[in-house]
Amino acid sequence: MTGVDSAPLLLPPPEDPGPLGRATRAQRTALVVGLALLACLFFYLFRSVMLPFVAATGIAYFMHPVAGRLHRLGVPRWLAALILVVALLAVMLTFALLLYPIILAQVGLLLQRMPAYVVEVQAWANGTLSHLQQHLGPDFVDNKLREIVSAHAGAMIPYAVGALTQVIGGGFAIVNALTVLVITPIVAFYLLRDWSFIVRRIDALLPLRYAAVIRAQAYEVDRILSAWLRGQLLCCLMLAVFYAVGLTVVGLDLGLIVGMTAGLLSFIPYVGTITGAVTSLGLALAQFPTWNGVIMVGAVFLLGQILEGYVIYPRLLGNRVELHDVLVIFALLAGGAAFGFLGVLLAVPVTAVLGVLARFWIRRYLHSPLYLDRRAPDDGMPP
């Protein structure tokens, strides 16, 4: 097996293309719009089978700098790609073998304690309704409303646990076994091996008139996207370890699952922290007989927020990322609504590209006559 870094590029265009080499503005606009529509249609039609390929592209993009360093040290590109993919598989398998039994044990503990949790939630709902009835009168809260609230309050927890069990038992086994462990590593190996060659091929297809501008914008996208992805991944892993260890140390029964989930969901601003804090505090209220355990659980998330806001994010991300939190939240939700989990994976890269293009066109606009025109509105000229 040999690499393809030395493969020849596409044949260069002739030095003097002649009059046929001049494209009109309509042709250029049609080309850009057509490519954009074709890409959207392609991802929409094949979204059900694109997940392992998108994941493999993300892995290759993430590991390309490391493979490049190994190649410069004398390691063949194909061997560097193989080493990195095998190392990633080893880490994932080790992680699954070590944590999956613990997660299953904690899910089993949750199922065992489910009747007690249901009784406590129903008692809390009845107590709240009784309190409202005493202060607002019997007409405000009748017995029928009390029965409905009590029944639904007790049914919320079994429904949530059933969904969690289905995800862990069905989705984890199928998705990871068939895509992550089979298709994704193979595609990631080939993409990582041929990454430089693919980039050169794409670069050779750029229109000569705009090649320099496109390269500059692509470099800006790569700078922002690499900073966000690598920094965000490290942040999520560090927060997942911190929350899982912290909640386990304070004695929360399901601290490992809740902490890991809160940390991994931190790539969506505020969602991971809020979800983990609300879930942990609810479990703490049901588990601990006094307020000390609840306060300790709250202290874990408070300390996690301090570390996230003042230590982890400033050091790992800093000011290199030009993606606002609101844009990231909207992009993730919009991508999920349009393309499902595939849209979530593509949300940040697409947002980074659109952000770079928006800043580029804003700079063009600020230097254009449309912005710089200072003629008075009553000078006899049309506006």
# chains A, B, ... in the order shown; residues from 1 in each chain; ligands from 1
>>> residues_around(residues="A:Pro185", least_positions_apart="3", cutoff="12 Å", atoms="only C-alpha atoms", output="PyMOL selection string")
chain A and resi 52-60+81-90+92+176-182+188-193
>>> write_last_selection(atoms="C-alpha atoms", output="compact mmCIF listing (two decimals), in the first residue's frame")
# COMPACT_ATOMS: atom_id res chain seq x y z
CA PRO A 52 -20.31 7.58 8.86
CA PHE A 53 -18.82 9.60 5.99
CA VAL A 54 -19.33 12.93 7.76
CA ALA A 55 -17.91 11.45 10.97
CA ALA A 56 -14.93 10.05 9.06
CA THR A 57 -14.32 13.44 7.45
CA GLY A 58 -14.33 15.05 10.88
CA ILE A 59 -11.85 12.47 12.17
CA ALA A 60 -9.55 12.98 9.19
CA ALA A 81 -2.96 7.23 8.87
CA LEU A 82 -3.16 3.57 9.88
CA ILE A 83 -1.44 4.22 13.22
CA LEU A 84 -3.76 7.10 14.08
CA VAL A 85 -6.96 5.27 13.12
CA VAL A 86 -5.93 2.13 15.03
CA ALA A 87 -5.02 4.26 18.06
CA LEU A 88 -8.42 5.95 17.92
CA LEU A 89 -10.17 2.57 17.72
CA ALA A 90 -8.15 1.29 20.67
CA MET A 92 -12.79 3.95 21.87
CA ASN A 176 -21.51 1.99 17.09
CA ALA A 177 -21.18 -1.59 15.87
CA LEU A 178 -22.20 -0.99 12.24
CA THR A 179 -20.95 2.53 11.54
CA VAL A 180 -18.37 3.73 14.04
CA LEU A 181 -16.57 0.39 14.34
CA VAL A 182 -16.83 -0.69 10.71
CA ALA A 188 -11.35 7.85 7.87
CA PHE A 189 -8.20 5.91 6.95
CA TYR A 190 -8.55 6.61 3.23
CA LEU A 191 -9.44 10.27 3.77
CA LEU A 192 -6.56 10.78 6.19
CA ARG A 193 -4.12 9.05 3.86
>>> residues_around(residues="stretch 346-358 of chain A", least_positions_apart="5", cutoff="8 Å", atoms="only C-alpha atoms", output="MDAnalysis selection string")
chainID A and resid 54 217 220:221 224:225 323 327:328 331:332 334:335
>>> write_last_selection(atoms="all heavy atoms", output="JSON list (two decimals), in the first residue's frame")
[["chain", "number", "residue", "atom", "x", "y", "z"],
["A", 54, "VAL", "N", -19.55, 11.63, 7.12],
["A", 54, "VAL", "CA", -19.33, 12.93, 7.76],
["A", 54, "VAL", "C", -18.46, 12.76, 9.00],
["A", 54, "VAL", "O", -17.54, 13.55, 9.26],
["A", 54, "VAL", "CB", -20.67, 13.59, 8.11],
["A", 54, "VAL", "CG1", -20.47, 14.86, 8.93],
["A", 54, "VAL", "CG2", -21.44, 13.91, 6.83],
["A", 217, "GLN", "N", -10.27, 32.85, 1.95],
["A", 217, "GLN", "CA", -11.46, 32.56, 2.75],
["A", 217, "GLN", "C", -11.43, 31.13, 3.29],
["A", 217, "GLN", "O", -11.88, 30.88, 4.43],
["A", 217, "GLN", "CB", -12.72, 32.78, 1.92],
["A", 217, "GLN", "CG", -12.83, 34.16, 1.31],
["A", 217, "GLN", "CD", -12.55, 35.28, 2.30],
["A", 217, "GLN", "OE1", -13.14, 35.33, 3.36],
["A", 217, "GLN", "NE2", -11.66, 36.17, 1.94],
["A", 220, "GLU", "N", -9.30, 31.12, 6.30],
["A", 220, "GLU", "CA", -10.00, 31.70, 7.44],
["A", 220, "GLU", "C", -10.99, 30.69, 8.03],
["A", 220, "GLU", "O", -11.12, 30.57, 9.26],
["A", 220, "GLU", "CB", -10.72, 32.97, 7.00],
["A", 220, "GLU", "CG", -11.38, 33.75, 8.12],
["A", 220, "GLU", "CD", -10.38, 34.42, 9.04],
["A", 220, "GLU", "OE1", -9.17, 34.41, 8.72],
["A", 220, "GLU", "OE2", -10.81, 34.93, 10.08],
["A", 221, "VAL", "N", -11.71, 29.97, 7.18],
["A", 221, "VAL", "CA", -12.63, 28.94, 7.66],
["A", 221, "VAL", "C", -11.87, 27.86, 8.43],
["A", 221, "VAL", "O", -12.29, 27.42, 9.51],
["A", 221, "VAL", "CB", -13.41, 28.32, 6.49],
["A", 221, "VAL", "CG1", -14.19, 27.09, 6.95],
["A", 221, "VAL", "CG2", -14.35, 29.34, 5.88],
["A", 224, "ILE", "N", -10.79, 29.17, 11.96],
["A", 224, "ILE", "CA", -11.88, 29.24, 12.93],
["A", 224, "ILE", "C", -12.40, 27.85, 13.28],
["A", 224, "ILE", "O", -12.61, 27.51, 14.44],
["A", 224, "ILE", "CB", -13.01, 30.13, 12.37],
["A", 224, "ILE", "CG1", -12.53, 31.57, 12.23],
["A", 224, "ILE", "CG2", -14.23, 30.07, 13.26],
["A", 224, "ILE", "CD1", -13.52, 32.49, 11.59],
["A", 225, "LEU", "N", -12.60, 27.03, 12.26],
["A", 225, "LEU", "CA", -13.19, 25.72, 12.48],
["A", 225, "LEU", "C", -12.26, 24.81, 13.29],
["A", 225, "LEU", "O", -12.71, 24.11, 14.21],
["A", 225, "LEU", "CB", -13.52, 25.06, 11.14],
["A", 225, "LEU", "CG", -14.40, 23.82, 11.18],
["A", 225, "LEU", "CD1", -15.73, 24.14, 11.84],
["A", 225, "LEU", "CD2", -14.61, 23.28, 9.78],
["A", 323, "LEU", "N", -17.35, 32.52, 16.54],
["A", 323, "LEU", "CA", -18.71, 31.98, 16.45],
["A", 323, "LEU", "C", -19.44, 32.34, 17.74],
["A", 323, "LEU", "O", -19.08, 31.85, 18.82],
["A", 323, "LEU", "CB", -18.69, 30.47, 16.26],
["A", 323, "LEU", "CG", -18.07, 29.95, 14.96],
["A", 323, "LEU", "CD1", -18.06, 28.44, 14.95],
["A", 323, "LEU", "CD2", -18.83, 30.48, 13.76],
["A", 327, "LEU", "N", -25.39, 31.96, 17.66],
["A", 327, "LEU", "CA", -25.30, 31.37, 16.32],
["A", 327, "LEU", "C", -25.10, 29.86, 16.40],
["A", 327, "LEU", "O", -25.68, 29.10, 15.61],
["A", 327, "LEU", "CB", -24.17, 32.02, 15.54],
["A", 327, "LEU", "CG", -24.37, 33.48, 15.12],
["A", 327, "LEU", "CD1", -23.13, 33.99, 14.40],
["A", 327, "LEU", "CD2", -25.59, 33.61, 14.24],
["A", 328, "VAL", "N", -24.26, 29.42, 17.35],
["A", 328, "VAL", "CA", -24.02, 27.98, 17.49],
["A", 328, "VAL", "C", -25.30, 27.26, 17.90],
["A", 328, "VAL", "O", -25.64, 26.21, 17.36],
["A", 328, "VAL", "CB", -22.89, 27.73, 18.51],
["A", 328, "VAL", "CG1", -22.72, 26.24, 18.76],
["A", 328, "VAL", "CG2", -21.59, 28.33, 17.99],
["A", 331, "ALA", "N", -27.67, 27.22, 14.94],
["A", 331, "ALA", "CA", -27.19, 26.32, 13.89],
["A", 331, "ALA", "C", -27.43, 24.86, 14.27],
["A", 331, "ALA", "O", -27.85, 24.05, 13.44],
["A", 331, "ALA", "CB", -25.71, 26.58, 13.63],
["A", 332, "LEU", "N", -27.15, 24.50, 15.52],
["A", 332, "LEU", "CA", -27.35, 23.13, 15.95],
["A", 332, "LEU", "C", -28.82, 22.73, 15.91],
["A", 332, "LEU", "O", -29.17, 21.64, 15.45],
["A", 332, "LEU", "CB", -26.79, 22.94, 17.36],
["A", 332, "LEU", "CG", -25.25, 23.03, 17.48],
["A", 332, "LEU", "CD1", -24.85, 23.08, 18.95],
["A", 332, "LEU", "CD2", -24.59, 21.85, 16.79],
["A", 334, "ALA", "N", -31.24, 24.22, 14.09],
["A", 334, "ALA", "CA", -31.70, 24.23, 12.70],
["A", 334, "ALA", "C", -31.18, 23.02, 11.94],
["A", 334, "ALA", "O", -31.91, 22.39, 11.17],
["A", 334, "ALA", "CB", -31.26, 25.52, 12.02],
["A", 335, "GLY", "N", -29.90, 22.67, 12.15],
["A", 335, "GLY", "CA", -29.35, 21.50, 11.47],
["A", 335, "GLY", "C", -30.03, 20.22, 11.92],
["A", 335, "GLY", "O", -30.31, 19.34, 11.10]]
>>> atom_distance(atom1="atom CA of A:Thr290", atom2="atom CA of A:Leu239")
27.0 Å
>>> closest_residue(among="A:Ile257, A:Val199, A:Met238, A:Val66", to="A:Leu104", atoms="only C-alpha atoms")
A:Ile257
>>> select_by_dssp(residues="stretch 276-373 of chain A", states="alpha helix (DSSP H)", output="ChimeraX atom specification")
/A:276-287,291-307,313-316,325-339,341-366,369-372
>>> closest_residue(among="A:Ala286, A:Ala227, A:Phe339, A:Gly298", to="A:Phe46", atoms="only C-alpha atoms")
A:Phe339
>>> decode(residues="stretch 195-217 of chain A", atoms="N, CA and C atoms", output="compact mmCIF listing (two decimals), in the first residue's frame")
# COMPACT_ATOMS: atom_id res chain seq x y z
N TRP A 195 -5.51 13.05 2.30
CA TRP A 195 -6.02 14.39 2.58
C TRP A 195 -5.30 15.46 1.76
N SER A 196 -3.98 15.45 1.76
CA SER A 196 -3.22 16.46 1.01
C SER A 196 -3.51 16.38 -0.48
N PHE A 197 -3.62 15.16 -0.99
CA PHE A 197 -3.92 14.98 -2.41
C PHE A 197 -5.30 15.53 -2.75
N ILE A 198 -6.29 15.26 -1.90
CA ILE A 198 -7.65 15.76 -2.15
C ILE A 198 -7.67 17.28 -2.13
N VAL A 199 -6.96 17.88 -1.18
CA VAL A 199 -6.92 19.35 -1.11
C VAL A 199 -6.27 19.93 -2.36
N ARG A 200 -5.20 19.31 -2.84
CA ARG A 200 -4.55 19.82 -4.06
C ARG A 200 -5.46 19.67 -5.28
N ARG A 201 -6.19 18.58 -5.35
CA ARG A 201 -7.12 18.40 -6.47
C ARG A 201 -8.20 19.47 -6.47
N ILE A 202 -8.75 19.74 -5.30
CA ILE A 202 -9.79 20.78 -5.21
C ILE A 202 -9.20 22.14 -5.54
N ASP A 203 -7.99 22.40 -5.06
CA ASP A 203 -7.34 23.68 -5.34
C ASP A 203 -7.10 23.86 -6.84
N ALA A 204 -6.79 22.76 -7.53
CA ALA A 204 -6.55 22.86 -8.97
C ALA A 204 -7.82 23.17 -9.75
N LEU A 205 -8.99 22.94 -9.17
CA LEU A 205 -10.26 23.20 -9.86
C LEU A 205 -10.78 24.61 -9.61
N LEU A 206 -10.13 25.38 -8.77
CA LEU A 206 -10.62 26.73 -8.47
C LEU A 206 -10.52 27.61 -9.71
N PRO A 207 -11.50 28.47 -9.94
CA PRO A 207 -11.40 29.40 -11.07
C PRO A 207 -10.21 30.33 -10.87
N LEU A 208 -9.42 30.51 -11.93
CA LEU A 208 -8.17 31.24 -11.80
C LEU A 208 -8.38 32.69 -11.36
N ARG A 209 -9.47 33.30 -11.78
CA ARG A 209 -9.68 34.70 -11.47
C ARG A 209 -9.91 34.92 -9.97
N TYR A 210 -10.54 33.95 -9.29
CA TYR A 210 -10.89 34.12 -7.89
C TYR A 210 -10.15 33.13 -6.99
N ALA A 211 -9.12 32.48 -7.51
CA ALA A 211 -8.44 31.45 -6.73
C ALA A 211 -7.82 32.02 -5.46
N ALA A 212 -7.17 33.18 -5.56
CA ALA A 212 -6.52 33.77 -4.39
C ALA A 212 -7.54 34.15 -3.32
N VAL A 213 -8.67 34.71 -3.74
CA VAL A 213 -9.71 35.10 -2.78
C VAL A 213 -10.31 33.87 -2.10
N ILE A 214 -10.59 32.83 -2.89
CA ILE A 214 -11.17 31.61 -2.34
C ILE A 214 -10.20 30.95 -1.36
N ARG A 215 -8.91 30.92 -1.71
CA ARG A 215 -7.92 30.34 -0.80
C ARG A 215 -7.86 31.11 0.51
N ALA A 216 -7.92 32.43 0.43
CA ALA A 216 -7.88 33.24 1.65
C ALA A 216 -9.08 32.97 2.55
N GLN A 217 -10.27 32.85 1.95
CA GLN A 217 -11.46 32.56 2.75
C GLN A 217 -11.43 31.13 3.29
